[in-house]
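K.L.:
Dropping in run.tsv, which is TSV, N, CA and C atoms:
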chain	number	residue	atom	x	y	z
W	1	MET	N	13.31	-29.15	-35.01
W	1	MET	CA	12.65	-29.22	-33.70
W	1	MET	C	11.64	-28.08	-33.59
W	2	THR	N	10.42	-28.43	-33.23
W	2	THR	CA	9.39	-27.40	-33.09
W	2	THR	C	9.42	-26.80	-31.70
W	3	GLN	N	9.05	-25.55	-31.63
W	3	GLN	CA	9.03	-24.83	-30.35
W	3	GLN	C	7.71	-25.13	-29.65
W	4	GLN	N	7.78	-25.67	-28.42
W	4	GLN	CA	6.56	-25.99	-27.68
W	4	GLN	C	6.04	-24.81	-26.87
W	5	TYR	N	6.95	-23.98	-26.36
W	5	TYR	CA	6.56	-22.90	-25.46
W	5	TYR	C	7.16	-21.57	-25.92
W	6	ASP	N	6.43	-20.50	-25.71
W	6	ASP	CA	6.95	-19.17	-25.98
W	6	ASP	C	7.97	-18.76	-24.92
W	7	VAL	N	7.68	-19.14	-23.66
W	7	VAL	CA	8.53	-18.75	-22.54
W	7	VAL	C	8.57	-19.90	-21.53
W	8	ALA	N	9.74	-20.13	-20.96
W	8	ALA	CA	9.88	-21.08	-19.85
W	8	ALA	C	10.35	-20.30	-18.63
W	9	SER	N	9.87	-20.69	-17.46
W	9	SER	CA	10.26	-20.01	-16.23
W	9	SER	C	10.64	-21.04	-15.17
W	10	LEU	N	11.47	-20.61	-14.26
W	10	LEU	CA	11.90	-21.43	-13.13
W	10	LEU	C	11.70	-20.59	-11.89
W	11	GLY	N	10.99	-21.13	-10.90
W	11	GLY	CA	10.74	-20.32	-9.71
W	11	GLY	C	10.21	-21.14	-8.55
W	12	ASN	N	9.91	-20.42	-7.49
W	12	ASN	CA	9.33	-21.03	-6.29
W	12	ASN	C	7.84	-21.24	-6.51
W	13	ALA	N	7.38	-22.45	-6.26
W	13	ALA	CA	5.96	-22.77	-6.36
W	13	ALA	C	5.30	-22.39	-5.03
W	14	ILE	N	4.58	-21.29	-5.05
W	14	ILE	CA	3.96	-20.75	-3.84
W	14	ILE	C	2.45	-20.80	-4.02
W	15	VAL	N	1.73	-21.16	-2.97
W	15	VAL	CA	0.27	-21.10	-3.00
W	15	VAL	C	-0.15	-19.85	-2.22
W	16	ASP	N	-0.84	-18.95	-2.92
W	16	ASP	CA	-1.41	-17.76	-2.28
W	16	ASP	C	-2.73	-18.16	-1.65
W	17	ILE	N	-2.92	-17.79	-0.39
W	17	ILE	CA	-4.19	-18.03	0.29
W	17	ILE	C	-4.79	-16.67	0.60
W	18	ILE	N	-5.95	-16.41	0.03
W	18	ILE	CA	-6.60	-15.11	0.14
W	18	ILE	C	-7.85	-15.27	0.99
W	19	ALA	N	-7.96	-14.44	2.03
W	19	ALA	CA	-9.11	-14.51	2.93
W	19	ALA	C	-9.57	-13.09	3.27
W	20	SER	N	-10.86	-12.91	3.41
W	20	SER	CA	-11.41	-11.63	3.85
W	20	SER	C	-11.53	-11.65	5.37
W	21	VAL	N	-10.87	-10.72	6.02
W	21	VAL	CA	-10.92	-10.62	7.49
W	21	VAL	C	-11.09	-9.16	7.88
W	22	ASP	N	-11.45	-8.93	9.13
W	22	ASP	CA	-11.60	-7.56	9.59
W	22	ASP	C	-10.25	-7.01	10.08
W	23	ASP	N	-10.21	-5.71	10.31
W	23	ASP	CA	-8.97	-5.05	10.73
W	23	ASP	C	-8.45	-5.58	12.06
W	24	ARG	N	-9.35	-5.96	12.96
W	24	ARG	CA	-8.94	-6.48	14.26
W	24	ARG	C	-8.12	-7.77	14.10
W	25	PHE	N	-8.56	-8.65	13.20
W	25	PHE	CA	-7.82	-9.88	12.94
W	25	PHE	C	-6.40	-9.55	12.46
W	26	LEU	N	-6.29	-8.59	11.57
W	26	LEU	CA	-4.97	-8.19	11.05
W	26	LEU	C	-4.08	-7.66	12.18
W	27	LEU	N	-4.64	-6.81	13.02
W	27	LEU	CA	-3.87	-6.25	14.13
W	27	LEU	C	-3.45	-7.32	15.13
W	28	ASN	N	-4.38	-8.20	15.47
W	28	ASN	CA	-4.09	-9.25	16.44
W	28	ASN	C	-2.98	-10.19	15.96
W	29	HIS	N	-2.86	-10.34	14.66
W	29	HIS	CA	-1.87	-11.28	14.11
W	29	HIS	C	-0.70	-10.58	13.44
W	30	ARG	N	-0.62	-9.27	13.67
W	30	ARG	CA	0.49	-8.45	13.15
W	30	ARG	C	0.69	-8.62	11.65
W	31	ILE	N	-0.41	-8.43	10.92
W	31	ILE	CA	-0.38	-8.51	9.46
W	31	ILE	C	-0.65	-7.12	8.91
W	32	ALA	N	0.22	-6.65	8.05
W	32	ALA	CA	0.03	-5.33	7.43
W	32	ALA	C	-1.09	-5.44	6.38
W	33	LYS	N	-2.02	-4.50	6.44
W	33	LYS	CA	-3.16	-4.51	5.53
W	33	LYS	C	-2.71	-4.16	4.10
W	34	GLY	N	-3.24	-4.92	3.14
W	34	GLY	CA	-2.99	-4.61	1.73
W	34	GLY	C	-1.62	-4.97	1.22
W	35	THR	N	-0.93	-5.86	1.92
W	35	THR	CA	0.40	-6.25	1.47
W	35	THR	C	0.49	-7.76	1.32
W	36	MET	N	1.53	-8.20	0.64
W	36	MET	CA	1.82	-9.62	0.52
W	36	MET	C	2.87	-9.94	1.58
W	37	THR	N	2.66	-11.02	2.29
W	37	THR	CA	3.60	-11.44	3.32
W	37	THR	C	3.98	-12.89	3.08
W	38	LEU	N	5.24	-13.13	2.83
W	38	LEU	CA	5.72	-14.50	2.66
W	38	LEU	C	5.91	-15.10	4.06
W	39	ILE	N	5.31	-16.27	4.29
W	39	ILE	CA	5.37	-16.90	5.61
W	39	ILE	C	5.84	-18.34	5.49
W	40	ASP	N	6.28	-18.88	6.61
W	40	ASP	CA	6.72	-20.28	6.61
W	40	ASP	C	5.54	-21.19	6.98
W	41	GLU	N	5.79	-22.47	6.94
W	41	GLU	CA	4.74	-23.46	7.19
W	41	GLU	C	4.15	-23.33	8.60
W	42	PHE	N	4.99	-23.07	9.61
W	42	PHE	CA	4.52	-22.94	10.99
W	42	PHE	C	3.54	-21.76	11.11
W	43	ARG	N	3.92	-20.61	10.54
W	43	ARG	CA	3.05	-19.42	10.60
W	43	ARG	C	1.76	-19.66	9.81
W	44	ALA	N	1.86	-20.36	8.70
W	44	ALA	CA	0.67	-20.66	7.90
W	44	ALA	C	-0.33	-21.50	8.70
W	45	LYS	N	0.18	-22.51	9.40
W	45	LYS	CA	-0.71	-23.36	10.22
W	45	LYS	C	-1.37	-22.55	11.32
W	46	ASP	N	-0.60	-21.66	11.97
W	46	ASP	CA	-1.16	-20.80	13.01
W	46	ASP	C	-2.27	-19.90	12.46
W	47	LEU	N	-2.01	-19.30	11.30
W	47	LEU	CA	-3.01	-18.38	10.73
W	47	LEU	C	-4.25	-19.13	10.25
W	48	LEU	N	-4.09	-20.31	9.68
W	48	LEU	CA	-5.26	-21.09	9.27
W	48	LEU	C	-6.10	-21.50	10.47
W	49	LYS	N	-5.43	-21.85	11.57
W	49	LYS	CA	-6.16	-22.17	12.81
W	49	LYS	C	-6.89	-20.93	13.33
W	50	ALA	N	-6.21	-19.78	13.30
W	50	ALA	CA	-6.82	-18.54	13.76
W	50	ALA	C	-8.02	-18.17	12.90
W	51	LEU	N	-7.95	-18.40	11.61
W	51	LEU	CA	-9.09	-18.13	10.73
W	51	LEU	C	-10.27	-19.01	11.11
W	52	ALA	N	-10.00	-20.28	11.39
W	52	ALA	CA	-11.06	-21.20	11.79
W	52	ALA	C	-11.65	-20.77	13.14
W	53	ASP	N	-10.78	-20.40	14.08
W	53	ASP	CA	-11.24	-19.96	15.41
W	53	ASP	C	-11.99	-18.63	15.33
W	54	HIS	N	-11.66	-17.82	14.35
W	54	HIS	CA	-12.26	-16.50	14.16
W	54	HIS	C	-13.60	-16.60	13.42
W	55	GLN	N	-14.05	-17.83	13.24
W	55	GLN	CA	-15.31	-18.13	12.57
W	55	GLN	C	-15.31	-17.67	11.12
W	56	GLN	N	-14.15	-17.67	10.52
W	56	GLN	CA	-14.07	-17.41	9.08
W	56	GLN	C	-14.41	-18.72	8.38
W	57	ALA	N	-15.31	-18.67	7.43
W	57	ALA	CA	-15.67	-19.87	6.69
W	57	ALA	C	-14.47	-20.32	5.87
W	58	MET	N	-13.97	-21.52	6.17
W	58	MET	CA	-12.80	-22.02	5.45
W	58	MET	C	-13.10	-22.15	3.96
W	59	SER	N	-14.38	-22.32	3.61
W	59	SER	CA	-14.73	-22.40	2.19
W	59	SER	C	-14.59	-21.05	1.50
W	60	ALA	N	-14.51	-19.96	2.29
W	60	ALA	CA	-14.36	-18.63	1.72
W	60	ALA	C	-12.91	-18.32	1.37
W	61	LEU	N	-11.98	-19.19	1.77
W	61	LEU	CA	-10.58	-19.00	1.42
W	61	LEU	C	-10.39	-19.29	-0.06
W	62	HIS	N	-9.55	-18.49	-0.68
W	62	HIS	CA	-9.24	-18.69	-2.10
W	62	HIS	C	-7.78	-19.07	-2.19
W	63	GLU	N	-7.50	-20.26	-2.68
W	63	GLU	CA	-6.13	-20.75	-2.82
W	63	GLU	C	-5.78	-20.80	-4.30
W	64	VAL	N	-4.66	-20.21	-4.66
W	64	VAL	CA	-4.28	-20.12	-6.06
W	64	VAL	C	-2.76	-20.16	-6.19
W	65	ALA	N	-2.27	-20.70	-7.30
W	65	ALA	CA	-0.83	-20.72	-7.55
W	65	ALA	C	-0.30	-19.30	-7.56
W	66	GLY	N	0.84	-19.12	-6.93
W	66	GLY	CA	1.45	-17.80	-6.87
W	66	GLY	C	2.95	-17.87	-7.02
W	67	GLY	N	3.58	-16.77	-6.75
W	67	GLY	CA	5.00	-16.62	-6.97
W	67	GLY	C	5.21	-15.90	-8.29
W	68	SER	N	6.26	-15.14	-8.39
W	68	SER	CA	6.43	-14.27	-9.56
W	68	SER	C	6.54	-15.05	-10.87
W	69	ALA	N	7.26	-16.16	-10.88
W	69	ALA	CA	7.41	-16.92	-12.13
W	69	ALA	C	6.08	-17.55	-12.55
W	70	ALA	N	5.35	-18.14	-11.61
W	70	ALA	CA	4.05	-18.74	-11.92
W	70	ALA	C	3.04	-17.67	-12.35
W	71	ASN	N	3.04	-16.54	-11.67
W	71	ASN	CA	2.14	-15.45	-12.04
W	71	ASN	C	2.45	-14.94	-13.45
W	72	THR	N	3.73	-14.89	-13.80
W	72	THR	CA	4.12	-14.46	-15.14
W	72	THR	C	3.60	-15.43	-16.19
W	73	MET	N	3.68	-16.73	-15.91
W	73	MET	CA	3.19	-17.72	-16.87
W	73	MET	C	1.66	-17.63	-17.00
W	74	ALA	N	0.97	-17.37	-15.90
W	74	ALA	CA	-0.49	-17.20	-15.95
W	74	ALA	C	-0.85	-15.97	-16.78
W	75	GLY	N	-0.10	-14.89	-16.59
W	75	GLY	CA	-0.33	-13.68	-17.39
W	75	GLY	C	-0.07	-13.93	-18.86
W	76	LEU	N	1.01	-14.63	-19.15
W	76	LEU	CA	1.34	-14.96	-20.54
W	76	LEU	C	0.21	-15.77	-21.18
W	77	ALA	N	-0.30	-16.77	-20.46
W	77	ALA	CA	-1.39	-17.61	-20.98
W	77	ALA	C	-2.64	-16.77	-21.22
W	78	SER	N	-2.91	-15.80	-20.34
W	78	SER	CA	-4.10	-14.96	-20.51
W	78	SER	C	-4.00	-14.09	-21.76
W	79	LEU	N	-2.78	-13.87	-22.25
W	79	LEU	CA	-2.56	-13.08	-23.46
W	79	LEU	C	-2.42	-13.95	-24.70
W	80	GLY	N	-2.62	-15.27	-24.53
W	80	GLY	CA	-2.57	-16.18	-25.66
W	80	GLY	C	-1.23	-16.86	-25.89
W	81	GLY	N	-0.27	-16.59	-25.00
W	81	GLY	CA	1.03	-17.22	-25.13
W	81	GLY	C	1.06	-18.60	-24.50
W	82	SER	N	2.15	-19.30	-24.76
W	82	SER	CA	2.34	-20.64	-24.22
W	82	SER	C	3.53	-20.62	-23.27
W	83	GLY	N	3.27	-20.92	-21.98
W	83	GLY	CA	4.33	-20.85	-20.99
W	83	GLY	C	4.51	-22.15	-20.23
W	84	LEU	N	5.73	-22.37	-19.80
W	84	LEU	CA	6.09	-23.54	-19.00
W	84	LEU	C	6.68	-23.05	-17.68
W	85	PHE	N	6.13	-23.55	-16.56
W	85	PHE	CA	6.68	-23.25	-15.24
W	85	PHE	C	7.39	-24.49	-14.72
W	86	LEU	N	8.66	-24.35	-14.38
W	86	LEU	CA	9.43	-25.44	-13.80
W	86	LEU	C	9.59	-25.15	-12.32
W	87	GLY	N	9.18	-26.09	-11.49
W	87	GLY	CA	9.28	-25.91	-10.05
W	87	GLY	C	9.09	-27.24	-9.36
W	88	LYS	N	9.03	-27.19	-8.05
W	88	LYS	CA	8.89	-28.42	-7.27
W	88	LYS	C	7.85	-28.19	-6.19
W	89	VAL	N	6.90	-29.11	-6.11
W	89	VAL	CA	5.91	-29.07	-5.04
W	89	VAL	C	5.87	-30.43	-4.35
W	90	SER	N	5.34	-30.42	-3.16
W	90	SER	CA	5.15	-31.65	-2.40
W	90	SER	C	3.95	-32.41	-2.96
W	91	GLY	N	3.82	-33.64	-2.60
W	91	GLY	CA	2.68	-34.45	-3.02
W	91	GLY	C	1.46	-34.27	-2.14
W	92	ASP	N	1.42	-33.20	-1.35
W	92	ASP	CA	0.31	-32.97	-0.43
W	92	ASP	C	-0.81	-32.17	-1.09
W	93	ARG	N	-1.80	-31.78	-0.30
W	93	ARG	CA	-2.97	-31.04	-0.79
W	93	ARG	C	-2.56	-29.74	-1.46
W	94	LEU	N	-1.64	-28.98	-0.85
W	94	LEU	CA	-1.25	-27.70	-1.44
W	94	LEU	C	-0.46	-27.88	-2.73
W	95	GLY	N	0.28	-28.98	-2.85
W	95	GLY	CA	0.94	-29.27	-4.11
W	95	GLY	C	-0.06	-29.50	-5.22
W	96	LYS	N	-1.15	-30.19	-4.89
W	96	LYS	CA	-2.22	-30.42	-5.86
W	96	LYS	C	-2.92	-29.10	-6.19
W	97	VAL	N	-3.14	-28.25	-5.18
W	97	VAL	CA	-3.76	-26.95	-5.42
W	97	VAL	C	-2.92	-26.16	-6.42
W	98	PHE	N	-1.60	-26.16	-6.23
W	98	PHE	CA	-0.72	-25.42	-7.12
W	98	PHE	C	-0.82	-25.96	-8.54
W	99	ALA	N	-0.69	-27.28	-8.70
W	99	ALA	CA	-0.72	-27.89	-10.04
W	99	ALA	C	-2.06	-27.65	-10.73
W	100	ASP	N	-3.16	-27.83	-9.99
W	100	ASP	CA	-4.49	-27.62	-10.57
W	100	ASP	C	-4.70	-26.16	-10.96
W	101	SER	N	-4.22	-25.25	-10.12
W	101	SER	CA	-4.36	-23.82	-10.40
W	101	SER	C	-3.57	-23.43	-11.65
W	102	MET	N	-2.35	-23.96	-11.78
W	102	MET	CA	-1.55	-23.67	-12.97
W	102	MET	C	-2.25	-24.20	-14.23
W	103	ALA	N	-2.80	-25.40	-14.14
W	103	ALA	CA	-3.51	-25.97	-15.29
W	103	ALA	C	-4.73	-25.13	-15.66
W	104	ALA	N	-5.43	-24.60	-14.65
W	104	ALA	CA	-6.62	-23.79	-14.90
W	104	ALA	C	-6.28	-22.48	-15.60
W	105	THR	N	-5.06	-21.97	-15.41
W	105	THR	CA	-4.67	-20.72	-16.07
W	105	THR	C	-4.29	-20.94	-17.53
W	106	GLY	N	-4.06	-22.20	-17.91
W	106	GLY	CA	-3.62	-22.49	-19.26
W	106	GLY	C	-2.11	-22.65	-19.36
W	107	GLY	N	-1.42	-22.46	-18.26
W	107	GLY	CA	0.02	-22.66	-18.24
W	107	GLY	C	0.35	-24.12	-18.00
W	108	THR	N	1.57	-24.50	-18.33
W	108	THR	CA	2.02	-25.87	-18.10
W	108	THR	C	2.98	-25.87	-16.93
W	109	PHE	N	2.79	-26.79	-16.01
W	109	PHE	CA	3.64	-26.90	-14.82
W	109	PHE	C	4.37	-28.21	-14.87
W	110	HIS	N	5.68	-28.16	-14.75
W	110	HIS	CA	6.52	-29.36	-14.72
W	110	HIS	C	7.10	-29.46	-13.31
W	111	ASN	N	6.78	-30.56	-12.62
W	111	ASN	CA	7.15	-30.73	-11.21
W	111	ASN	C	8.50	-31.41	-11.02
W	112	GLY	N	9.25	-31.60	-12.07
W	112	GLY	CA	10.54	-32.26	-11.93
W	112	GLY	C	10.42	-33.77	-11.82
W	113	THR	N	9.22	-34.30	-12.05
W	113	THR	CA	9.00	-35.75	-11.97
W	113	THR	C	8.80	-36.36	-13.34
W	114	GLY	N	8.90	-35.54	-14.38
W	114	GLY	CA	8.64	-36.02	-15.73
W	114	GLY	C	7.19	-35.90	-16.12
W	115	THR	N	6.36	-35.35	-15.25
W	115	THR	CA	4.93	-35.20	-15.51
W	115	THR	C	4.56	-33.72	-15.51
W	116	THR	N	3.85	-33.28	-16.54
W	116	THR	CA	3.38	-31.90	-16.58
W	116	THR	C	1.97	-31.84	-16.02
W	117	SER	N	1.50	-30.63	-15.72
W	117	SER	CA	0.14	-30.46	-15.20
W	117	SER	C	-0.89	-30.96	-16.21
W	118	ALA	N	-0.65	-30.76	-17.49
W	118	ALA	CA	-1.61	-31.23	-18.50
W	118	ALA	C	-1.70	-32.75	-18.50
W	119	GLU	N	-0.55	-33.43	-18.38
W	119	GLU	CA	-0.56	-34.89	-18.35
W	119	GLU	C	-1.24	-35.41	-17.10
W	120	ARG	N	-1.01	-34.75	-15.96
W	120	ARG	CA	-1.61	-35.17	-14.69
W	120	ARG	C	-3.13	-35.05	-14.76
W	121	ASN	N	-3.63	-34.00	-15.39
W	121	ASN	CA	-5.08	-33.78	-15.48
W	121	ASN	C	-5.77	-34.79	-16.39
W	122	ARG	N	-5.02	-35.41	-17.32
W	122	ARG	CA	-5.62	-36.41	-18.20
W	122	ARG	C	-5.80	-37.74	-17.49
W	123	ARG	N	-5.17	-37.91	-16.34
W	123	ARG	CA	-5.24	-39.20	-15.62
W	123	ARG	C	-6.54	-39.34	-14.88
Take the structure in the file and give it back as structure tokens.
P.N.:
Amino acid sequence: MTQQYDVASLGNAIVDIIASVDDRFLLNHRIAKGTMTLIDEFRAKDLLKALADHQQAMSALHEVAGGSAANTMAGLASLGGSGLFLGKVSGDRLGKVFADSMAATGGTFHNGTGTTSAERNRR
């Protein structure tokens, strides 16, 4: 049996949303500057609405696969290794963002459906 991957990981499939805002926005929404904050779906919807209301260009948002296991696989791929991320995402827009982002890093994402990110991109 041949080895397909150097490392396999199992973790939470998280989408990081990165936006440039001023200090007032951070204070108004009780966000600590320069930190990572894990939030739930309700808080995410509120903050995305606030960004739109704050006249932040939604196109300026950067959405990328995140979470420690996915980030580790992206780092491994950047060093020439072969990594597999096992996780579960919804079939919605953010699920697609996660899968596409993982594929762009060179890592393989398996969503528990029998389909990897590489196979999905060939369709």
K.L.:
Which residues of segment 58-88 of chain W come within 7 Å of segment 10-13 of chain W, and what is each one's closest atom pair and distance in Å (one decimal), counting only C-alpha atoms, sorted by chain and residue number, as CSV?
P.N.:
residue,atom,partner,partner_atom,distance
W:Gly66,CA,W:Ala13,CA,6.7
W:Gly67,CA,W:Asn12,CA,6.2
W:Ala69,CA,W:Gly11,CA,5.3
W:Phe85,CA,W:Leu10,CA,5.9
W:Leu86,CA,W:Leu10,CA,4.8
W:Gly87,CA,W:Gly11,CA,5.8
W:Lys88,CA,W:Ala13,CA,6.4
K.L.:
Write to file, as a compact mmCIF listing (two decimals), in the frame of the given file, the residues of the selection just made, with N, CA and C atoms.
P.N.:
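Listed below is the output, result31.txt:
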# COMPACT_ATOMS: atom_id res chain seq x y z
N GLY W 66 0.84 -19.12 -6.93
CA GLY W 66 1.45 -17.80 -6.87
C GLY W 66 2.95 -17.87 -7.02
N GLY W 67 3.58 -16.77 -6.75
CA GLY W 67 5.00 -16.62 -6.97
C GLY W 67 5.21 -15.90 -8.29
N ALA W 69 7.26 -16.16 -10.88
CA ALA W 69 7.41 -16.92 -12.13
C ALA W 69 6.08 -17.55 -12.55
N PHE W 85 6.13 -23.55 -16.56
CA PHE W 85 6.68 -23.25 -15.24
C PHE W 85 7.39 -24.49 -14.72
N LEU W 86 8.66 -24.35 -14.38
CA LEU W 86 9.43 -25.44 -13.80
C LEU W 86 9.59 -25.15 -12.32
N GLY W 87 9.18 -26.09 -11.49
CA GLY W 87 9.28 -25.91 -10.05
C GLY W 87 9.09 -27.24 -9.36
N LYS W 88 9.03 -27.19 -8.05
CA LYS W 88 8.89 -28.42 -7.27
C LYS W 88 7.85 -28.19 -6.19
K.L.:
Smallest atom-to-atom distance to Asp16 of chain W: which of W:Gly95, W:Gly107, W:Glu63, W:Ser78, using all atoms listed in the file?
P.N.:
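With all atoms listed in the file as the atom set, the closest residue is W:Glu63.
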K.L.:
What does the structure give for the distance between atom N of Thr108 of chain W and atom C of Ile18 of chain W, in Å to one decimal?
P.N.:
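Rounded to one decimal, the two atoms are 23.4 Å apart.
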K.L.:
So how many Å separate atom CA of Leu38 of chain W and atom CA of Ile14 of chain W, to one decimal?
P.N.:
9.2 Å
K.L.:
As an exercise, work out the distance from atom CA of Leu61 of chain W to atom CA of Gly75 of chain W in Å and give it to one decimal place.
P.N.:
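Rounded to one decimal, the two atoms are 22.1 Å apart.
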K.L.:
Nearest to Met102 of chain W among W:Leu48, W:Gly34, W:Asp22, W:Val15, with distances taken over only C-alpha atoms: which residue is it?
P.N.:
W:Val15
K.L.:
For His62 of chain W, which of W:Arg30, W:Ile17, W:Gly80, W:Arg93 is the closest residue, counting only N, CA and C atoms?
P.N.:
W:Ile17
K.L.:
List the spatial neighbours of Tyr5 of chain W as a ChimeraX atom specification - criterion: any atom at most 7 Å away, all atoms listed in the file, same-chain residues fewer than 5 positions off excluded.
P.N.:
/W:81-84
K.L.:
Please identify the strand (DSSP E) residues within chain W (assignment by DSSP from backbone atoms) and present them as a PyMOL selection string.
P.N.:
chain W and resi 7-10+14-18+62-66+83-86+108-110
K.L.:
Could you work out an axis-aligned box for segment 22-32 of chain W, taking every atom the file lists and adding 5 Å on each side, and report centre and edge lengths in Å to one decimal, as JSON?
P.N.:
{"center_x": -5.5, "center_y": -8.2, "center_z": 11.4, "size_x": 22.3, "size_y": 16.2, "size_z": 20.1}
K.L.:
Running DSSP on the backbone, which parts of segment 56-102 of chain W land in helix (DSSP H, G or I), as a ChimeraX atom specification?
P.N.:
/W:58-60,68-78,93-102
K.L.:
Select segment 63-87 of chain W in the preceding structure and write C-alpha atoms to a file as a CSV table (one decimal), in the first residue's frame.
P.N.:
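The result, stored in decode.csv:
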chain,number,residue,atom,x,y,z
W,63,GLU,CA,-12.5,34.8,3.7
W,64,VAL,CA,-10.2,31.8,4.1
W,65,ALA,CA,-10.2,28.3,5.6
W,66,GLY,CA,-9.1,28.4,9.2
W,67,GLY,CA,-8.8,26.5,12.4
W,68,SER,CA,-5.7,25.0,13.8
W,69,ALA,CA,-5.9,21.6,11.9
W,70,ALA,CA,-6.6,23.3,8.5
W,71,ASN,CA,-3.9,25.9,9.1
W,72,THR,CA,-1.4,23.1,9.9
W,73,MET,CA,-2.3,21.4,6.6
W,74,ALA,CA,-1.9,24.6,4.7
W,75,GLY,CA,1.5,25.2,6.3
W,76,LEU,CA,2.6,21.6,5.5
W,77,ALA,CA,1.6,22.1,1.9
W,78,SER,CA,3.5,25.3,1.7
W,79,LEU,CA,6.6,23.4,2.8
W,80,GLY,CA,6.1,20.7,0.1
W,81,GLY,CA,4.3,18.1,2.2
W,82,SER,CA,1.1,16.3,1.5
W,83,GLY,CA,-1.7,16.8,4.0
W,84,LEU,CA,-5.3,15.6,4.4
W,85,PHE,CA,-7.8,17.6,6.5
W,86,LEU,CA,-10.9,15.6,7.7
W,87,GLY,CA,-13.8,17.7,8.7
